[in-house]
$ cat run.cif   # mmCIF, C-alpha atoms
data_work
loop_
_atom_site.group_PDB
_atom_site.id
_atom_site.type_symbol
_atom_site.label_atom_id
_atom_site.label_comp_id
_atom_site.auth_asym_id
_atom_site.auth_seq_id
_atom_site.Cartn_x
_atom_site.Cartn_y
_atom_site.Cartn_z
ATOM 1 C CA MET W 1 -8.978 110.710 24.151
ATOM 2 C CA SER W 2 -9.307 107.312 22.583
ATOM 3 C CA LYS W 3 -8.578 104.047 24.354
ATOM 4 C CA ALA W 4 -5.482 103.482 22.149
ATOM 5 C CA ASN W 5 -4.079 106.937 23.000
ATOM 6 C CA LYS W 6 -4.583 106.324 26.744
ATOM 7 C CA LYS W 7 -2.708 103.020 26.478
ATOM 8 C CA ARG W 8 0.149 104.657 24.554
ATOM 9 C CA THR W 9 0.374 107.549 27.064
ATOM 10 C CA ARG W 10 0.379 105.105 29.989
ATOM 11 C CA LEU W 11 3.063 102.984 28.274
ATOM 12 C CA ILE W 12 5.276 106.041 27.669
ATOM 13 C CA PHE W 13 4.805 107.209 31.272
ATOM 14 C CA ARG W 14 5.727 103.754 32.644
ATOM 15 C CA GLY W 15 8.767 103.630 30.372
ATOM 16 C CA ILE W 16 9.977 107.003 31.639
ATOM 17 C CA VAL W 17 9.490 105.939 35.271
ATOM 18 C CA LEU W 18 11.415 102.695 34.673
ATOM 19 C CA LEU W 19 14.207 104.585 32.909
ATOM 20 C CA LEU W 20 14.490 107.016 35.844
ATOM 21 C CA LEU W 21 14.575 104.162 38.374
ATOM 22 C CA ALA W 22 17.217 102.280 36.382
ATOM 23 C CA SER W 23 19.292 105.462 36.117
ATOM 24 C CA ALA W 24 19.078 106.069 39.873
ATOM 25 C CA ILE W 25 20.132 102.494 40.642
ATOM 26 C CA LEU W 26 23.077 102.620 38.243
ATOM 27 C CA PHE W 27 24.149 106.010 39.622
ATOM 28 C CA SER W 28 24.105 104.727 43.201
ATOM 29 C CA ILE W 29 26.103 101.621 42.270
ATOM 30 C CA PHE W 30 28.824 103.339 40.269
ATOM 31 C CA SER W 31 29.140 106.648 42.109
ATOM 32 C CA LYS W 32 29.956 105.262 45.562
ATOM 33 C CA GLU W 33 33.554 105.215 46.694
ATOM 34 C CA LYS W 34 34.752 101.681 46.982
ATOM 35 C CA VAL W 35 35.960 101.016 50.546
ATOM 36 C CA LYS W 36 38.754 98.473 50.713
ATOM 37 C CA VAL W 37 38.103 95.688 53.170
ATOM 38 C CA LEU W 38 41.221 95.229 55.274
ATOM 39 C CA ALA W 39 42.793 91.819 55.663
ATOM 40 C CA VAL W 40 45.700 90.156 57.422
ATOM 41 C CA ASN W 41 49.071 91.267 55.954
ATOM 42 C CA ASP W 42 47.624 94.550 54.616
ATOM 43 C CA LYS W 43 49.365 97.736 55.688
ATOM 44 C CA ALA W 44 47.262 99.334 58.412
ATOM 45 C CA PRO W 45 45.906 102.681 57.153
ATOM 46 C CA ASP W 46 47.384 105.677 58.942
ATOM 47 C CA PHE W 47 45.108 108.093 60.778
ATOM 48 C CA GLU W 48 45.293 110.907 63.278
ATOM 49 C CA LEU W 49 42.913 111.347 66.216
ATOM 50 C CA VAL W 50 42.975 113.402 69.400
ATOM 51 C CA ASP W 51 42.960 111.965 72.924
ATOM 52 C CA LEU W 52 41.068 113.259 75.959
ATOM 53 C CA GLU W 53 43.924 115.616 76.857
ATOM 54 C CA GLY W 54 44.033 117.133 73.361
ATOM 55 C CA ASN W 55 47.173 115.276 72.215
ATOM 56 C CA LYS W 56 47.302 114.043 68.627
ATOM 57 C CA HIS W 57 47.986 110.365 67.994
ATOM 58 C CA ARG W 58 48.947 108.997 64.593
ATOM 59 C CA LEU W 59 49.202 105.304 63.957
ATOM 60 C CA SER W 60 52.445 106.017 62.095
ATOM 61 C CA ASP W 61 53.917 107.423 65.361
ATOM 62 C CA TYR W 62 54.195 103.820 66.546
ATOM 63 C CA LYS W 63 56.335 102.570 63.642
ATOM 64 C CA GLY W 64 58.811 99.962 64.826
ATOM 65 C CA GLN W 65 56.520 98.909 67.678
ATOM 66 C CA GLY W 66 53.547 96.603 68.056
ATOM 67 C CA VAL W 67 50.126 98.237 68.235
ATOM 68 C CA PHE W 68 47.055 96.752 69.857
ATOM 69 C CA LEU W 69 44.431 98.895 68.072
ATOM 70 C CA ASN W 70 41.114 98.470 69.899
ATOM 71 C CA PHE W 71 37.782 99.962 68.697
ATOM 72 C CA TRP W 72 35.069 100.164 71.346
ATOM 73 C CA GLY W 73 32.084 101.982 72.886
ATOM 74 C CA THR W 74 31.110 102.801 76.476
ATOM 75 C CA TRP W 75 27.707 101.117 75.968
ATOM 76 C CA CYS W 76 29.245 97.820 74.777
ATOM 77 C CA PRO W 77 29.138 95.020 77.446
ATOM 78 C CA PRO W 78 32.021 92.964 75.931
ATOM 79 C CA CYS W 79 34.121 96.158 75.749
ATOM 80 C CA LYS W 80 33.489 96.773 79.440
ATOM 81 C CA ARG W 81 34.524 93.226 80.338
ATOM 82 C CA GLU W 82 37.791 93.222 78.381
ATOM 83 C CA MET W 83 39.003 96.746 79.299
ATOM 84 C CA PRO W 84 40.522 95.749 82.682
ATOM 85 C CA TYR W 85 42.444 92.936 80.939
ATOM 86 C CA ILE W 86 43.685 95.303 78.248
ATOM 87 C CA GLU W 87 44.821 97.751 80.958
ATOM 88 C CA ASP W 88 46.675 95.022 82.896
ATOM 89 C CA GLN W 89 48.472 93.802 79.779
ATOM 90 C CA TYR W 90 49.228 97.355 78.636
ATOM 91 C CA GLN W 91 51.124 97.770 81.909
ATOM 92 C CA ALA W 92 52.946 94.468 81.322
ATOM 93 C CA PHE W 93 53.840 95.102 77.641
ATOM 94 C CA LYS W 94 54.366 98.864 77.229
ATOM 95 C CA GLU W 95 58.071 98.582 78.124
ATOM 96 C CA LYS W 96 58.393 95.673 75.678
ATOM 97 C CA GLY W 97 57.397 97.743 72.640
ATOM 98 C CA VAL W 98 53.681 96.909 72.484
ATOM 99 C CA HIS W 99 51.309 99.867 72.700
ATOM 100 C CA VAL W 100 47.571 100.065 73.136
ATOM 101 C CA LEU W 101 45.747 102.660 71.075
ATOM 102 C CA SER W 102 42.098 102.679 72.045
ATOM 103 C CA VAL W 103 39.575 104.226 69.617
ATOM 104 C CA ASN W 104 36.163 105.146 70.950
ATOM 105 C CA ILE W 105 33.547 105.429 68.215
ATOM 106 C CA GLY W 106 31.885 108.840 68.246
ATOM 107 C CA GLU W 107 30.941 109.346 71.884
ATOM 108 C CA SER W 108 31.286 112.520 73.946
ATOM 109 C CA ASN W 109 34.462 113.396 75.823
ATOM 110 C CA LEU W 110 32.483 113.327 79.077
ATOM 111 C CA LYS W 111 31.199 109.767 78.532
ATOM 112 C CA VAL W 112 34.640 108.492 77.525
ATOM 113 C CA ASP W 113 36.394 110.340 80.367
ATOM 114 C CA THR W 114 33.913 108.919 82.895
ATOM 115 C CA PHE W 115 34.442 105.412 81.475
ATOM 116 C CA ARG W 116 38.239 105.829 81.611
ATOM 117 C CA ASP W 117 38.077 106.918 85.250
ATOM 118 C CA GLN W 118 35.655 104.131 86.189
ATOM 119 C CA TYR W 119 38.036 101.482 84.814
ATOM 120 C CA ASP W 120 41.315 103.275 85.775
ATOM 121 C CA LEU W 121 42.574 103.149 82.185
ATOM 122 C CA THR W 122 45.990 104.662 81.490
ATOM 123 C CA PHE W 123 46.560 103.783 77.820
ATOM 124 C CA PRO W 124 45.864 106.434 75.153
ATOM 125 C CA ILE W 125 42.173 106.793 74.319
ATOM 126 C CA VAL W 126 41.215 108.722 71.201
ATOM 127 C CA ILE W 127 37.705 109.510 69.989
ATOM 128 C CA ASP W 128 36.662 109.030 66.374
ATOM 129 C CA LYS W 129 34.063 111.837 66.430
ATOM 130 C CA THR W 130 33.440 111.813 62.654
ATOM 131 C CA LYS W 131 33.571 107.997 62.436
ATOM 132 C CA ASP W 132 36.012 108.338 59.520
ATOM 133 C CA VAL W 133 38.515 105.929 61.097
ATOM 134 C CA ARG W 134 35.709 103.467 61.825
ATOM 135 C CA ASP W 135 34.819 103.584 58.129
ATOM 136 C CA LEU W 136 38.484 103.403 57.056
ATOM 137 C CA TYR W 137 38.883 100.198 59.066
ATOM 138 C CA ASN W 138 35.404 98.854 58.163
ATOM 139 C CA ILE W 139 34.451 98.420 61.811
ATOM 140 C CA VAL W 140 31.082 96.753 62.260
ATOM 141 C CA PRO W 141 30.934 94.846 65.547
ATOM 142 C CA LEU W 142 32.333 96.300 68.730
ATOM 143 C CA PRO W 143 34.755 95.488 70.098
ATOM 144 C CA THR W 144 37.098 94.999 67.158
ATOM 145 C CA THR W 145 40.858 94.820 67.636
ATOM 146 C CA PHE W 146 43.635 94.972 65.050
ATOM 147 C CA LEU W 147 47.032 93.534 65.904
ATOM 148 C CA ILE W 148 49.617 95.587 64.031
ATOM 149 C CA ASP W 149 53.273 94.566 63.889
ATOM 150 C CA LYS W 150 56.392 96.766 63.972
ATOM 151 C CA ASP W 151 56.243 97.172 60.173
ATOM 152 C CA GLY W 152 52.673 98.508 60.258
ATOM 153 C CA LYS W 153 51.140 95.302 58.885
ATOM 154 C CA ILE W 154 47.910 93.829 60.190
ATOM 155 C CA LYS W 155 48.691 90.471 61.801
ATOM 156 C CA LYS W 156 45.227 89.610 63.102
ATOM 157 C CA ILE W 157 41.716 91.086 63.269
ATOM 158 C CA ILE W 158 39.640 90.107 66.304
ATOM 159 C CA THR W 159 35.905 90.843 66.181
ATOM 160 C CA THR W 160 34.885 89.228 69.459
ATOM 161 C CA GLU W 161 35.446 89.754 73.162
ATOM 162 C CA MET W 162 38.886 88.632 74.349
ATOM 163 C CA THR W 163 39.927 86.836 77.517
ATOM 164 C CA GLU W 164 43.002 87.987 79.422
ATOM 165 C CA GLU W 165 44.902 84.908 78.231
ATOM 166 C CA GLU W 166 44.084 85.763 74.613
ATOM 167 C CA ILE W 167 45.189 89.372 75.111
ATOM 168 C CA ILE W 168 48.527 88.183 76.531
ATOM 169 C CA SER W 169 49.018 85.874 73.550
ATOM 170 C CA TYR W 170 48.059 88.606 71.062
ATOM 171 C CA MET W 171 50.417 91.148 72.618
ATOM 172 C CA GLU W 172 53.241 88.599 72.600
ATOM 173 C CA SER W 173 52.571 87.986 68.897
ATOM 174 C CA ILE W 174 53.193 91.653 67.980
ATOM 175 C CA GLN W 175 56.059 92.305 70.382
ATOM 176 C CA PRO W 176 58.994 93.622 68.303
#
$ encode --input "run.cif" --output "structure tokens"
Amino acid sequence: MSKANKKRTRLIFRGIVLLLLASAILFSIFSKEKVKVLAVNDKAPDFELVDLEGNKHRLSDYKGQGVFLNFWGTWCPPCKREMPYIEDQYQAFKEKGVHVLSVNIGESNLKVDTFRDQYDLTFPIVIDKTKDVRDLYNIVPLPTTFLIDKDGKIKKIITTEMTEEEIISYMESIQP
């Protein structure tokens, strides 16, 4: 094989490799589902998850009421610190039309049940086993809390640990 033929063969091979790489990149860019990033005043997406007792909870079940939608994990230090405050304010606000719906991200029932008992939590705790709700709400840091008003609209998104005073203020802000 002559030197010119080797160069041409190498050039064709490189061209094919580049074409395949470009095709793969374009496919990955355009074939992915676009996930909407939620913002204040958006309607909170409905979902259904099961609690530790096997009861189904839908966000839409709380229409007409305020929802303090908290995403968390048992391993998360800020989650551990704010849980007692959330429990205290759940007791103070549940008769005023503000509900806590606590979403654990993908942990076992045993871990979540042990955590619930350790912190004496009485609000509904559901587990997002498939992490579909996490993805629907674009949850990255834990804890993340969505304040949802009586009309199902997101009023605030909190992506940091909350003090008890902040939790009181947030629950007041979504009280119907």
$ closest_residue --input "run.cif" --among "W:Gly54, W:Gly15, W:Gly66, W:Pro143" --to "Lys80 in chain W" --atoms "all atoms listed in the file"
W:Pro143
$ closest_residue --input "run.cif" --among "W:Leu49, W:Ala39, W:Cys79, W:Arg10" --to "Pro124 in chain W" --atoms "only C-alpha atoms"
W:Leu49
$ residues_near_point --input "run.cif" --point "(40.6, 101.3, 82.8)" --cutoff "6 Å" --atoms "all atoms listed in the file" --output "list in words"
Met83, Pro84, Glu87, Arg116, Tyr119, Asp120 and Leu121 of chain W
$ residues_around --input "run.cif" --residues "Met171 in chain W" --least-positions-apart "2" --cutoff "9 Å" --atoms "only C-alpha atoms" --output "PyMOL selection string"
chain W and resi 66-68+89-90+93+98-99+147+166-169+173-175
$ closest_residue --input "run.cif" --among "W:Phe47, W:Phe123, W:Phe13, W:Trp72" --to "Ile86 in chain W" --atoms "only C-alpha atoms"
W:Phe123
$ atom_distance --input "run.cif" --atom1 "CA of Lys63 in chain W" --atom2 "CA of Ile154 in chain W"
12.6 Å
$ atom_distance --input "run.cif" --atom1 "CA of Asp46 in chain W" --atom2 "CA of Ile105 in chain W"
16.7 Å
$ resolve_selection --input "run.cif" --expression "the PyMOL selection byres ((chain W and resi 60) around 12)" --output "list in words"
Lys43, Ala44, Pro45, Asp46, Phe47, Glu48, Leu49, Lys56, His57, Arg58, Leu59, Asp61, Tyr62, Lys63, Gly64, Gln65, Gly66, Val67, Leu101, Ile148, Asp149, Lys150, Asp151, Gly152 and Lys153 of chain W
$ atom_distance --input "run.cif" --atom1 "CA of Asp42 in chain W" --atom2 "CA of Asp128 in chain W"
21.6 Å
$ residues_around --input "run.cif" --residues "Lys129 in chain W" --least-positions-apart "2" --cutoff "12 Å" --atoms "all atoms listed in the file" --output "list in words"
Glu48, Leu49, Val50, Asp51, Leu52, Gly73, Val103, Asn104, Ile105, Gly106, Glu107, Ser108, Asn109, Val112, Val126, Ile127, Lys131, Asp132, Val133, Arg134 and Asp135 of chain W
$ build_atoms --input "run.cif" --residues "range 126-137 of chain W" --atoms "all heavy atoms" --output "tab-separated table (two decimals), in the frame of the given file"
chain	number	residue	atom	x	y	z
W	126	VAL	N	41.58	107.68	72.16
W	126	VAL	CA	41.22	108.72	71.20
W	126	VAL	C	39.75	108.51	70.82
W	126	VAL	O	39.22	107.41	70.96
W	126	VAL	CB	42.12	108.69	69.95
W	126	VAL	CG1	43.56	109.04	70.32
W	126	VAL	CG2	42.07	107.35	69.24
W	127	ILE	N	39.12	109.60	70.36
W	127	ILE	CA	37.70	109.51	69.99
W	127	ILE	C	37.56	109.81	68.50
W	127	ILE	O	38.03	110.84	68.02
W	127	ILE	CB	36.84	110.48	70.82
W	127	ILE	CG1	37.01	110.20	72.31
W	127	ILE	CG2	35.37	110.36	70.41
W	127	ILE	CD1	36.27	111.17	73.22
W	128	ASP	N	36.94	108.89	67.81
W	128	ASP	CA	36.66	109.03	66.37
W	128	ASP	C	35.31	109.73	66.22
W	128	ASP	O	34.29	109.09	65.95
W	128	ASP	CB	36.67	107.64	65.72
W	128	ASP	CG	36.47	107.68	64.22
W	128	ASP	OD1	36.58	108.77	63.63
W	128	ASP	OD2	36.21	106.61	63.65
W	129	LYS	N	35.31	111.05	66.42
W	129	LYS	CA	34.06	111.84	66.43
W	129	LYS	C	33.33	111.78	65.09
W	129	LYS	O	32.11	111.72	65.05
W	129	LYS	CB	34.37	113.28	66.79
W	129	LYS	CG	34.97	113.41	68.18
W	129	LYS	CD	34.32	114.47	68.97
W	129	LYS	CE	34.96	114.61	70.32
W	129	LYS	NZ	34.11	114.24	71.39
W	130	THR	N	34.07	111.80	63.98
W	130	THR	CA	33.44	111.81	62.65
W	130	THR	C	33.16	110.40	62.13
W	130	THR	O	32.53	110.24	61.09
W	130	THR	CB	34.34	112.54	61.64
W	130	THR	OG1	35.57	111.81	61.53
W	130	THR	CG2	34.61	113.97	62.06
W	131	LYS	N	33.68	109.41	62.81
W	131	LYS	CA	33.57	108.00	62.44
W	131	LYS	C	34.31	107.69	61.13
W	131	LYS	O	34.08	106.65	60.51
W	131	LYS	CB	32.11	107.56	62.39
W	131	LYS	CG	31.43	107.73	63.75
W	131	LYS	CD	29.99	107.34	63.73
W	131	LYS	CE	29.41	107.58	65.12
W	131	LYS	NZ	27.98	107.56	65.13
W	132	ASP	N	35.22	108.56	60.73
W	132	ASP	CA	36.01	108.34	59.52
W	132	ASP	C	36.96	107.16	59.68
W	132	ASP	O	37.16	106.37	58.76
W	132	ASP	CB	36.82	109.59	59.15
W	132	ASP	CG	35.93	110.71	58.63
W	132	ASP	OD1	34.77	110.44	58.24
W	132	ASP	OD2	36.41	111.87	58.61
W	133	VAL	N	37.58	107.03	60.87
W	133	VAL	CA	38.52	105.93	61.10
W	133	VAL	C	37.74	104.62	61.18
W	133	VAL	O	38.18	103.59	60.66
W	133	VAL	CB	39.38	106.18	62.35
W	133	VAL	CG1	40.31	105.00	62.62
W	133	VAL	CG2	40.20	107.47	62.17
W	134	ARG	N	36.57	104.66	61.80
W	134	ARG	CA	35.71	103.47	61.82
W	134	ARG	C	35.45	102.99	60.40
W	134	ARG	O	35.54	101.81	60.09
W	134	ARG	CB	34.38	103.79	62.51
W	134	ARG	CG	33.41	102.60	62.52
W	134	ARG	CD	31.99	103.00	62.74
W	134	ARG	NE	31.52	103.81	61.62
W	134	ARG	CZ	30.32	104.38	61.59
W	134	ARG	NH1	29.50	104.26	62.61
W	134	ARG	NH2	29.94	105.08	60.53
W	135	ASP	N	35.10	103.94	59.52
W	135	ASP	CA	34.82	103.58	58.13
W	135	ASP	C	36.08	103.12	57.41
W	135	ASP	O	36.03	102.17	56.62
W	135	ASP	CB	34.20	104.77	57.39
W	135	ASP	CG	32.83	105.14	57.94
W	135	ASP	OD1	32.22	104.32	58.68
W	135	ASP	OD2	32.36	106.26	57.66
W	136	LEU	N	37.21	103.77	57.68
W	136	LEU	CA	38.48	103.40	57.06
W	136	LEU	C	38.86	101.96	57.38
W	136	LEU	O	39.38	101.23	56.55
W	136	LEU	CB	39.58	104.36	57.54
W	136	LEU	CG	40.99	104.19	57.00
W	136	LEU	CD1	41.02	104.44	55.48
W	136	LEU	CD2	41.94	105.16	57.71
W	137	TYR	N	38.56	101.55	58.61
W	137	TYR	CA	38.88	100.20	59.07
W	137	TYR	C	37.70	99.23	58.94
W	137	TYR	O	37.80	98.09	59.37
W	137	TYR	CB	39.38	100.24	60.52
W	137	TYR	CG	40.85	100.58	60.61
W	137	TYR	CD1	41.30	101.89	60.47
W	137	TYR	CD2	41.80	99.58	60.81
W	137	TYR	CE1	42.64	102.20	60.53
W	137	TYR	CE2	43.14	99.89	60.87
W	137	TYR	CZ	43.56	101.19	60.73
W	137	TYR	OH	44.90	101.50	60.79
